[in-house]
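Undergrad: Got a structure for you, written out below as structure tokens; questions coming shortly.
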Amino acid sequence: MAQAVAAPPASRPVVTRRLTPSRIIVLGIIAGGVLVYPKLGSGVAADRFTLAVIYAIVGLSVNILMGYAGQISLGHQAFVGVGAFSAAYLTTKGGLPIVLSVPLAALIGGLIAALLGLVALRIQGLYLALITLAYGAVAERTIFGIRELTGGGGGMPALRPEFFTSDASYSYVCLAVLALLVFVDWRMLRSKFGRALLALKSNENVAASFGMNLVFYKVGAFVMAGIVAGLAGGLLAFREQHVVSADFTFTLALTFVIMTVIGGLGNRTGVILGSAFTAYLPFILNKISDWTGSSRVIVLRIAITAILLLLTLTKTPGGIGQQIHPLTEWLSGKPFPRHNKGHGRKRKVKTEAA
Amino acid sequence: MSLLEVREVTKRFGGITANADVTLDVGEWEIVGLIGPNGAGKTTLFNCITGVYPINSGRVGFRGRDITTMKTHERAGLGIGRSFQNLGLVRGTTVLQNLITAQHMTTEYSVLEGVLGVPATFTAERELVKRADRILEFTNLTGFRNDVIDDLSYGVLKNIELAAVLATDPQLILLDEPSSGLSPTESDELGNVLLRLREEIGVTILMIEHHVPLVVRVCDYVYVLNFGNLLTEGPPHEIQKHPEVIAAYLGGAAASDSDDEESPDSDDEESPDSDDEELPALPPGYVPFRAGPRAAPTPKLKKKTSTSKKKGAR
């Protein structure tokens, strides 16, 4: 009888976050490495690094939809493509500076995504996946084919302004945008909007019973993802300096989804690492094929991606984010979680009340 | 005036009528039970009241206002909170995060401010955590604060769900089988919690419940649904003896020997112990509502700080 409904467990040790010197050193090495890397190598290395950063931004975008809101998008190449062409058109034809054309490209990406969001209000799951797929395919054939906007098959040039003509300096621009988006993503997840998306993913009726407007947040998730993807597209345009519609095929959309899943849906750090890895994979394989003298190594790219995807889905659903969880926990100032099976957040021993 | 008025609500799914002309009233400060065998349409009625399902005909009113065509989140905004049979919690997050999520409506900053990380949102977030902690303390769940939902047992989660519903700052709480998954002792404790909720926070409760001792103990009034129709209504002690209710629960044959079945365990198969079950005593000074004069609520209207704090936000 003495037992209460929910007997509270005995006092739990309070986890204190501490920034010890060792943590500062490790964080410093990581941050310093990322910052110095583009300057160290050749222009090519910096250019690859830029691509990895842009992929990381796309990964964050896909993660908003799939990781937080539980929606699916197989048409993400359309958002990125629209962003790229908008930025290229606005700068080359419209004469706008890059600081205006890229944010505008982001807004256009958001608008385009809002249309899909309205569709997502009415259909779910597999059907939504099909619609997004069709959406990407249609965009590929129609919008990207308008000669006036995209330059047709020849593409649309997008030249960098004077300040960022070198690959290294441009990679810092992209890095700055990524840093900004990481902040936004962090605040989003820790505020009203992100919590509503997670609730929506878990159960729509529950979310509504908490007073969340389903229409607003569902469309909002698409708009947010579209803005981020459009931004990535804009940055991509100025990386390539020449946007060609043939670059934005369904394969790219699939790559975006797979890299996010491998990184770990809902895990920011994991998604960034997974995306960067996916961007680097062809370059790494290129290197290997140079050493071995066999060009067949390139084909391994698909096999490696497939194996990683299978391993993620069957062994570690949390992806890279789950694998590096002990490290990120430690870096964030918590004690290193030892002897932890599976997801690091799980409690080791349940302390039951007497 | 009733707080919640359900008037001749009919809900059909294809050829099946899940609710047929159901009319019920829940007055301010009452605890009203909604009982009936499985498939009687109880949860469907909840879904009609909260707006998850559009109704075919009838009317739903809240505080004298017609809410029949309102969306679920708008009704939640008026102060209708609910629990779910399969748990109204956000999976994959901690108990604390769930209670913060549930405070969505009282979160004062806009979505854009939150995303951009405006300094004021950080302060607002800290307030949300504080209030969540107060609710956890009130519901005696502080020990589970940092546990992930998926790791906890069903019985505990039922209580956390109740805490989450409280966090939405409701005036009317719809509870869908709050005692399922609880042991008899635990459901006694739940009864105390419900009575305490009304006394200290001042909420009205409409609950679907199969555990008859709990219904008899805490409910002021009971409605019985059977095959979508309102079978009967009345104070719990009368309902308990009602031959039709016994028939509905135990099948037609049981109606004849109903005089043996007056004990509260005319529940479904789950209740293991029989006949002379001693009901736990009611809190001192407790007056059942519809039994006595309906006028002023006896308990102290003083609202617990835990929820009154943000009341003004509405």
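For the structure tokens, the naming scheme is as follows: chains receive sequential letters (A, B, ...) according to their order of presentation, residues are indexed from 1 within each chain, and ligands are indexed from 1 in presentation order.
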Taking only C-alpha atoms into account, report as a VMD selection string which residues of chain B lie within 7 Å of chain A.
TA: chain B and resid 72 to 74 76 to 77 81 to 82 88 to 91 101 to 102 104 to 105 111 114 to 117 140 to 144 156 168 185 to 186 189 to 190
Undergrad: List as a tab-separated table every residue of stretch 201-269 of chain A that is in contact with stretch 104-127 of chain A, defined as an atom at most 12 Å from one of its atoms (using only C-alpha atoms), together with the nearest atom pair and the distance in Å rounded to one decimal, sorted by chain and then rising number.
TA:
residue	atom	partner	partner_atom	distance
A:Lys201	CA	A:Gln124	CA	11.4
A:Glu204	CA	A:Leu121	CA	11.2
A:Asn213	CA	A:Leu121	CA	11.7
A:Leu214	CA	A:Leu121	CA	8.3
A:Val215	CA	A:Leu121	CA	6.7
A:Phe216	CA	A:Gly117	CA	9.6
A:Tyr217	CA	A:Gly117	CA	9.5
A:Lys218	CA	A:Gly117	CA	6.4
A:Val219	CA	A:Gly117	CA	4.4
A:Gly220	CA	A:Ala114	CA	7.6
A:Ala221	CA	A:Gly117	CA	7.7
A:Phe222	CA	A:Gly117	CA	5.3
A:Val223	CA	A:Gly110	CA	4.4
A:Met224	CA	A:Gly110	CA	6.4
A:Ala225	CA	A:Gly110	CA	7.1
A:Gly226	CA	A:Gly110	CA	4.1
A:Ile227	CA	A:Gly110	CA	4.3
A:Val228	CA	A:Ala106	CA	6.4
A:Ala229	CA	A:Gly109	CA	6.6
A:Gly230	CA	A:Ala106	CA	4.0
A:Leu231	CA	A:Ala106	CA	4.4
A:Ala232	CA	A:Ala106	CA	7.9
A:Gly233	CA	A:Ala105	CA	7.6
A:Gly234	CA	A:Ala105	CA	6.0
A:Leu235	CA	A:Ala105	CA	9.5
A:Leu236	CA	A:Ala105	CA	11.2
A:Ala237	CA	A:Ala105	CA	10.4
Undergrad: Measure the distance from atom CA of B:Val218 to atom CA of B:Gly64 in Å and round it to one decimal.
TA: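 Taking atom CA of B:Val218 as the start and atom CA of B:Gly64 as the end point, the length is 25.6 Å.
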Undergrad: Rounded to one decimal place, report the atom CA of B:Leu225-atom CA of B:Ile35 distance in Å.
TA: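 Going from atom CA of B:Leu225 over to atom CA of B:Ile35, I get 6.2 Å.
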Undergrad: Write out as an mmCIF file with all heavy atoms, in the first residue's frame each polymer residue whose atoms come within 12 Å of A:Ala179, counting only C-alpha atoms; drop sequence neighbours fewer than 2 positions from it.
TA:
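That gives us around-v9.cif:
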data_model
loop_
_atom_site.group_PDB
_atom_site.id
_atom_site.type_symbol
_atom_site.label_atom_id
_atom_site.label_comp_id
_atom_site.auth_asym_id
_atom_site.auth_seq_id
_atom_site.Cartn_x
_atom_site.Cartn_y
_atom_site.Cartn_z
ATOM 1 N N ALA A 31 38.372 21.961 -34.291
ATOM 2 C CA ALA A 31 38.009 23.250 -34.898
ATOM 3 C C ALA A 31 39.165 23.810 -35.717
ATOM 4 O O ALA A 31 38.981 24.248 -36.855
ATOM 5 C CB ALA A 31 37.598 24.238 -33.808
ATOM 6 N N VAL A 34 39.659 21.919 -39.009
ATOM 7 C CA VAL A 34 38.659 22.278 -40.015
ATOM 8 C C VAL A 34 38.962 23.649 -40.602
ATOM 9 O O VAL A 34 38.832 23.872 -41.803
ATOM 10 C CB VAL A 34 37.244 22.236 -39.391
ATOM 11 C CG1 VAL A 34 36.233 22.885 -40.310
ATOM 12 C CG2 VAL A 34 36.835 20.798 -39.096
ATOM 13 N N LEU A 35 39.399 24.565 -39.737
ATOM 14 C CA LEU A 35 39.634 25.931 -40.204
ATOM 15 C C LEU A 35 40.894 26.047 -41.062
ATOM 16 O O LEU A 35 40.939 26.812 -42.017
ATOM 17 C CB LEU A 35 39.734 26.887 -39.012
ATOM 18 C CG LEU A 35 38.396 27.265 -38.372
ATOM 19 C CD1 LEU A 35 38.616 28.097 -37.125
ATOM 20 C CD2 LEU A 35 37.526 28.042 -39.361
ATOM 21 N N VAL A 53 31.246 20.528 -47.387
ATOM 22 C CA VAL A 53 30.479 21.453 -46.534
ATOM 23 C C VAL A 53 29.074 21.654 -47.103
ATOM 24 O O VAL A 53 28.080 21.655 -46.372
ATOM 25 C CB VAL A 53 31.227 22.799 -46.410
ATOM 26 C CG1 VAL A 53 30.361 23.830 -45.709
ATOM 27 C CG2 VAL A 53 32.523 22.610 -45.647
ATOM 28 N N ILE A 54 29.013 21.799 -48.431
ATOM 29 C CA ILE A 54 27.700 22.005 -49.053
ATOM 30 C C ILE A 54 26.834 20.754 -48.871
ATOM 31 O O ILE A 54 25.640 20.844 -48.570
ATOM 32 C CB ILE A 54 27.861 22.367 -50.544
ATOM 33 C CG1 ILE A 54 28.514 23.744 -50.663
ATOM 34 C CG2 ILE A 54 26.518 22.365 -51.244
ATOM 35 C CD1 ILE A 54 28.865 24.140 -52.069
ATOM 36 N N ALA A 56 27.012 18.764 -46.421
ATOM 37 C CA ALA A 56 26.592 18.783 -45.018
ATOM 38 C C ALA A 56 25.368 19.669 -44.839
ATOM 39 O O ALA A 56 24.448 19.332 -44.085
ATOM 40 C CB ALA A 56 27.734 19.266 -44.138
ATOM 41 N N ILE A 57 25.335 20.789 -45.565
ATOM 42 C CA ILE A 57 24.168 21.678 -45.481
ATOM 43 C C ILE A 57 22.934 20.973 -46.040
ATOM 44 O O ILE A 57 21.854 21.015 -45.450
ATOM 45 C CB ILE A 57 24.439 23.007 -46.232
ATOM 46 C CG1 ILE A 57 25.581 23.762 -45.543
ATOM 47 C CG2 ILE A 57 23.191 23.866 -46.276
ATOM 48 C CD1 ILE A 57 26.023 25.004 -46.272
ATOM 49 N N LEU A 60 21.675 18.569 -43.532
ATOM 50 C CA LEU A 60 20.867 19.211 -42.489
ATOM 51 C C LEU A 60 19.444 19.439 -42.981
ATOM 52 O O LEU A 60 18.474 19.269 -42.234
ATOM 53 C CB LEU A 60 21.495 20.553 -42.084
ATOM 54 C CG LEU A 60 22.775 20.497 -41.255
ATOM 55 C CD1 LEU A 60 23.258 21.902 -40.959
ATOM 56 C CD2 LEU A 60 22.546 19.731 -39.967
ATOM 57 N N TYR A 172 35.656 29.011 -46.983
ATOM 58 C CA TYR A 172 35.364 29.650 -45.696
ATOM 59 C C TYR A 172 33.961 30.252 -45.680
ATOM 60 O O TYR A 172 33.275 30.234 -44.669
ATOM 61 C CB TYR A 172 36.409 30.731 -45.372
ATOM 62 C CG TYR A 172 37.729 30.138 -44.952
ATOM 63 C CD1 TYR A 172 38.888 30.400 -45.656
ATOM 64 C CD2 TYR A 172 37.793 29.283 -43.849
ATOM 65 C CE1 TYR A 172 40.095 29.840 -45.277
ATOM 66 C CE2 TYR A 172 38.988 28.719 -43.466
ATOM 67 C CZ TYR A 172 40.138 28.995 -44.183
ATOM 68 O OH TYR A 172 41.309 28.430 -43.806
ATOM 69 N N VAL A 173 33.536 30.766 -46.830
ATOM 70 C CA VAL A 173 32.166 31.293 -46.927
ATOM 71 C C VAL A 173 31.173 30.175 -46.622
ATOM 72 O O VAL A 173 30.256 30.321 -45.812
ATOM 73 C CB VAL A 173 31.906 31.870 -48.336
ATOM 74 C CG1 VAL A 173 30.444 32.267 -48.481
ATOM 75 C CG2 VAL A 173 32.810 33.057 -48.597
ATOM 76 N N CYS A 174 31.396 29.032 -47.271
ATOM 77 C CA CYS A 174 30.487 27.904 -47.072
ATOM 78 C C CYS A 174 30.531 27.423 -45.623
ATOM 79 O O CYS A 174 29.498 27.084 -45.032
ATOM 80 C CB CYS A 174 30.845 26.758 -48.016
ATOM 81 S SG CYS A 174 30.604 27.204 -49.732
ATOM 82 N N LEU A 175 31.725 27.411 -45.063
ATOM 83 C CA LEU A 175 31.881 26.972 -43.682
ATOM 84 C C LEU A 175 31.117 27.902 -42.737
ATOM 85 O O LEU A 175 30.466 27.454 -41.791
ATOM 86 C CB LEU A 175 33.376 26.971 -43.331
ATOM 87 C CG LEU A 175 33.838 25.990 -42.252
ATOM 88 C CD1 LEU A 175 33.397 24.580 -42.569
ATOM 89 C CD2 LEU A 175 35.352 26.057 -42.115
ATOM 90 N N ALA A 176 31.169 29.190 -43.041
ATOM 91 C CA ALA A 176 30.450 30.161 -42.209
ATOM 92 C C ALA A 176 28.951 29.915 -42.280
ATOM 93 O O ALA A 176 28.245 29.954 -41.268
ATOM 94 C CB ALA A 176 30.784 31.579 -42.661
ATOM 95 N N VAL A 177 28.459 29.638 -43.495
ATOM 96 C CA VAL A 177 27.031 29.357 -43.651
ATOM 97 C C VAL A 177 26.663 28.093 -42.880
ATOM 98 O O VAL A 177 25.637 28.044 -42.184
ATOM 99 C CB VAL A 177 26.660 29.213 -45.144
ATOM 100 C CG1 VAL A 177 25.217 28.772 -45.289
ATOM 101 C CG2 VAL A 177 26.879 30.526 -45.875
ATOM 102 N N LEU A 181 23.987 27.659 -39.902
ATOM 103 C CA LEU A 181 22.875 26.715 -39.970
ATOM 104 C C LEU A 181 22.903 25.727 -38.810
ATOM 105 O O LEU A 181 21.853 25.296 -38.341
ATOM 106 C CB LEU A 181 22.903 25.958 -41.304
ATOM 107 C CG LEU A 181 22.483 26.815 -42.497
ATOM 108 C CD1 LEU A 181 22.608 26.024 -43.782
ATOM 109 C CD2 LEU A 181 21.062 27.315 -42.318
ATOM 110 N N VAL A 182 24.108 25.379 -38.355
ATOM 111 C CA VAL A 182 24.193 24.499 -37.192
ATOM 112 C C VAL A 182 23.572 25.192 -35.985
ATOM 113 O O VAL A 182 22.814 24.597 -35.224
ATOM 114 C CB VAL A 182 25.657 24.092 -36.906
ATOM 115 C CG1 VAL A 182 25.799 23.481 -35.526
ATOM 116 C CG2 VAL A 182 26.137 23.101 -37.955
ATOM 117 N N PHE A 183 23.842 26.475 -35.868
ATOM 118 C CA PHE A 183 23.235 27.242 -34.775
ATOM 119 C C PHE A 183 21.713 27.259 -34.904
ATOM 120 O O PHE A 183 20.989 26.983 -33.948
ATOM 121 C CB PHE A 183 23.778 28.680 -34.773
ATOM 122 C CG PHE A 183 23.112 29.562 -33.759
ATOM 123 C CD1 PHE A 183 23.470 29.498 -32.420
ATOM 124 C CD2 PHE A 183 22.094 30.435 -34.131
ATOM 125 C CE1 PHE A 183 22.846 30.294 -31.479
ATOM 126 C CE2 PHE A 183 21.462 31.233 -33.190
ATOM 127 C CZ PHE A 183 21.838 31.166 -31.862
ATOM 128 N N VAL A 184 21.237 27.554 -36.110
ATOM 129 C CA VAL A 184 19.789 27.609 -36.338
ATOM 130 C C VAL A 184 19.156 26.244 -36.057
ATOM 131 O O VAL A 184 18.119 26.144 -35.405
ATOM 132 C CB VAL A 184 19.491 28.061 -37.791
ATOM 133 C CG1 VAL A 184 18.043 27.819 -38.148
ATOM 134 C CG2 VAL A 184 19.836 29.525 -37.963
ATOM 135 N N ASP A 185 19.820 25.198 -36.523
ATOM 136 C CA ASP A 185 19.303 23.846 -36.329
ATOM 137 C C ASP A 185 19.235 23.508 -34.841
ATOM 138 O O ASP A 185 18.269 22.936 -34.357
ATOM 139 C CB ASP A 185 20.212 22.855 -37.055
ATOM 140 C CG ASP A 185 19.577 21.473 -37.144
ATOM 141 O OD1 ASP A 185 18.648 21.326 -37.942
ATOM 142 O OD2 ASP A 185 20.007 20.575 -36.403
ATOM 143 N N TRP A 186 20.270 23.913 -34.128
ATOM 144 C CA TRP A 186 20.319 23.667 -32.685
ATOM 145 C C TRP A 186 19.185 24.393 -31.991
ATOM 146 O O TRP A 186 18.438 23.811 -31.191
ATOM 147 C CB TRP A 186 21.676 24.135 -32.152
ATOM 148 C CG TRP A 186 21.801 24.175 -30.669
ATOM 149 C CD1 TRP A 186 21.589 23.131 -29.818
ATOM 150 C CD2 TRP A 186 22.156 25.304 -29.854
ATOM 151 N NE1 TRP A 186 21.796 23.543 -28.523
ATOM 152 C CE2 TRP A 186 22.147 24.868 -28.512
ATOM 153 C CE3 TRP A 186 22.489 26.631 -30.127
ATOM 154 C CZ2 TRP A 186 22.446 25.716 -27.452
ATOM 155 C CZ3 TRP A 186 22.796 27.464 -29.069
ATOM 156 C CH2 TRP A 186 22.779 27.014 -27.744
ATOM 157 N N ARG A 268 22.450 15.715 -35.543
ATOM 158 C CA ARG A 268 23.091 16.783 -36.305
ATOM 159 C C ARG A 268 24.536 16.444 -36.670
ATOM 160 O O ARG A 268 24.916 16.461 -37.836
ATOM 161 C CB ARG A 268 23.043 18.060 -35.483
ATOM 162 C CG ARG A 268 23.363 19.303 -36.254
ATOM 163 C CD ARG A 268 23.241 20.490 -35.326
ATOM 164 N NE ARG A 268 21.946 20.547 -34.687
ATOM 165 C CZ ARG A 268 21.752 20.493 -33.358
ATOM 166 N NH1 ARG A 268 22.762 20.392 -32.562
ATOM 167 N NH2 ARG A 268 20.534 20.538 -32.869
ATOM 168 N N THR A 269 25.347 16.122 -35.664
ATOM 169 C CA THR A 269 26.765 15.837 -35.918
ATOM 170 C C THR A 269 26.909 14.667 -36.873
ATOM 171 O O THR A 269 27.710 14.709 -37.811
ATOM 172 C CB THR A 269 27.470 15.504 -34.591
ATOM 173 O OG1 THR A 269 26.949 16.350 -33.587
ATOM 174 C CG2 THR A 269 28.949 15.679 -34.705
ATOM 175 N N ILE A 272 26.113 15.624 -40.475
ATOM 176 C CA ILE A 272 27.176 16.420 -41.098
ATOM 177 C C ILE A 272 28.339 15.514 -41.513
ATOM 178 O O ILE A 272 28.848 15.601 -42.639
ATOM 179 C CB ILE A 272 27.655 17.525 -40.132
ATOM 180 C CG1 ILE A 272 26.540 18.562 -39.974
ATOM 181 C CG2 ILE A 272 28.937 18.183 -40.637
ATOM 182 C CD1 ILE A 272 26.809 19.598 -38.930
#
Undergrad: From a backbone DSSP assignment, name each residue in stretch 42-159 of chain B labelled alpha helix (DSSP H), as a PyMOL selection string.
TA: chain B and resi 42-50+72-78+95-102+111-116+119-138+154-159
Undergrad: Name the residues in contact with stretch 8-13 of chain B at a cut-off of 12 Å, using only C-alpha atoms, excluding same-chain residues fewer than 2 positions from it; report them as a VMD selection string.
TA: chain B and resid 5 to 6 15 to 25 41 to 49 51 to 61 68 228 to 230
Undergrad: Take the residues from that selection and put them in a file with C-alpha atoms, as a PDB file, in the first residue's frame.
TA:
ATOM      1  CA  GLU B   5     -22.054  19.696 -23.652  1.00  0.00           C
ATOM      2  CA  VAL B   6     -22.342  16.823 -26.075  1.00  0.00           C
ATOM      3  CA  GLY B  15     -22.144   1.444 -42.344  1.00  0.00           C
ATOM      4  CA  ILE B  16     -21.128   1.260 -38.704  1.00  0.00           C
ATOM      5  CA  THR B  17     -22.580   3.754 -36.304  1.00  0.00           C
ATOM      6  CA  ALA B  18     -19.947   4.223 -33.630  1.00  0.00           C
ATOM      7  CA  ASN B  19     -21.890   6.886 -31.740  1.00  0.00           C
ATOM      8  CA  ALA B  20     -25.633   7.279 -32.123  1.00  0.00           C
ATOM      9  CA  ASP B  21     -27.231  10.425 -30.727  1.00  0.00           C
ATOM     10  CA  VAL B  22     -25.011  10.521 -27.694  1.00  0.00           C
ATOM     11  CA  THR B  23     -25.853  13.317 -25.313  1.00  0.00           C
ATOM     12  CA  LEU B  24     -23.900  14.002 -22.191  1.00  0.00           C
ATOM     13  CA  ASP B  25     -22.983  16.826 -19.876  1.00  0.00           C
ATOM     14  CA  GLY B  41     -17.669   3.804 -28.932  1.00  0.00           C
ATOM     15  CA  LYS B  42     -16.095   5.463 -25.912  1.00  0.00           C
ATOM     16  CA  THR B  43     -12.798   6.403 -27.524  1.00  0.00           C
ATOM     17  CA  THR B  44     -14.665   7.426 -30.669  1.00  0.00           C
ATOM     18  CA  LEU B  45     -16.673   9.837 -28.555  1.00  0.00           C
ATOM     19  CA  PHE B  46     -13.427  11.267 -27.159  1.00  0.00           C
ATOM     20  CA  ASN B  47     -12.171  11.710 -30.691  1.00  0.00           C
ATOM     21  CA  CYS B  48     -15.385  13.505 -31.586  1.00  0.00           C
ATOM     22  CA  ILE B  49     -15.113  15.773 -28.553  1.00  0.00           C
ATOM     23  CA  GLY B  51     -12.078  17.048 -33.002  1.00  0.00           C
ATOM     24  CA  VAL B  52      -9.944  14.197 -34.258  1.00  0.00           C
ATOM     25  CA  TYR B  53     -13.027  12.924 -36.108  1.00  0.00           C
ATOM     26  CA  PRO B  54     -15.532  15.231 -37.742  1.00  0.00           C
ATOM     27  CA  ILE B  55     -18.996  14.228 -36.562  1.00  0.00           C
ATOM     28  CA  ASN B  56     -21.896  13.361 -38.839  1.00  0.00           C
ATOM     29  CA  SER B  57     -24.511  15.194 -36.829  1.00  0.00           C
ATOM     30  CA  GLY B  58     -24.966  16.756 -33.455  1.00  0.00           C
ATOM     31  CA  ARG B  59     -23.187  19.457 -31.545  1.00  0.00           C
ATOM     32  CA  VAL B  60     -20.305  19.772 -29.124  1.00  0.00           C
ATOM     33  CA  GLY B  61     -20.159  22.770 -26.826  1.00  0.00           C
ATOM     34  CA  THR B  68     -18.275  21.396 -33.348  1.00  0.00           C
ATOM     35  CA  GLY B 228     -22.682   3.401 -29.665  1.00  0.00           C
ATOM     36  CA  ASN B 229     -25.840   4.234 -27.758  1.00  0.00           C
ATOM     37  CA  LEU B 230     -26.165   5.821 -24.384  1.00  0.00           C
TER      38      LEU B 230
END
Undergrad: Write out as a VMD selection string the set of residues from stretch 83-197 of chain B that DSSP, computed on the backbone, places in strand (DSSP E).
TA: chain B and resid 172 to 176
Undergrad: For atom CA of B:Leu157 and atom CA of B:Asp176, quote the distance in Å rounded to one decimal.
TA: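 Atom CA of B:Asp176 lies 13.4 Å from atom CA of B:Leu157.
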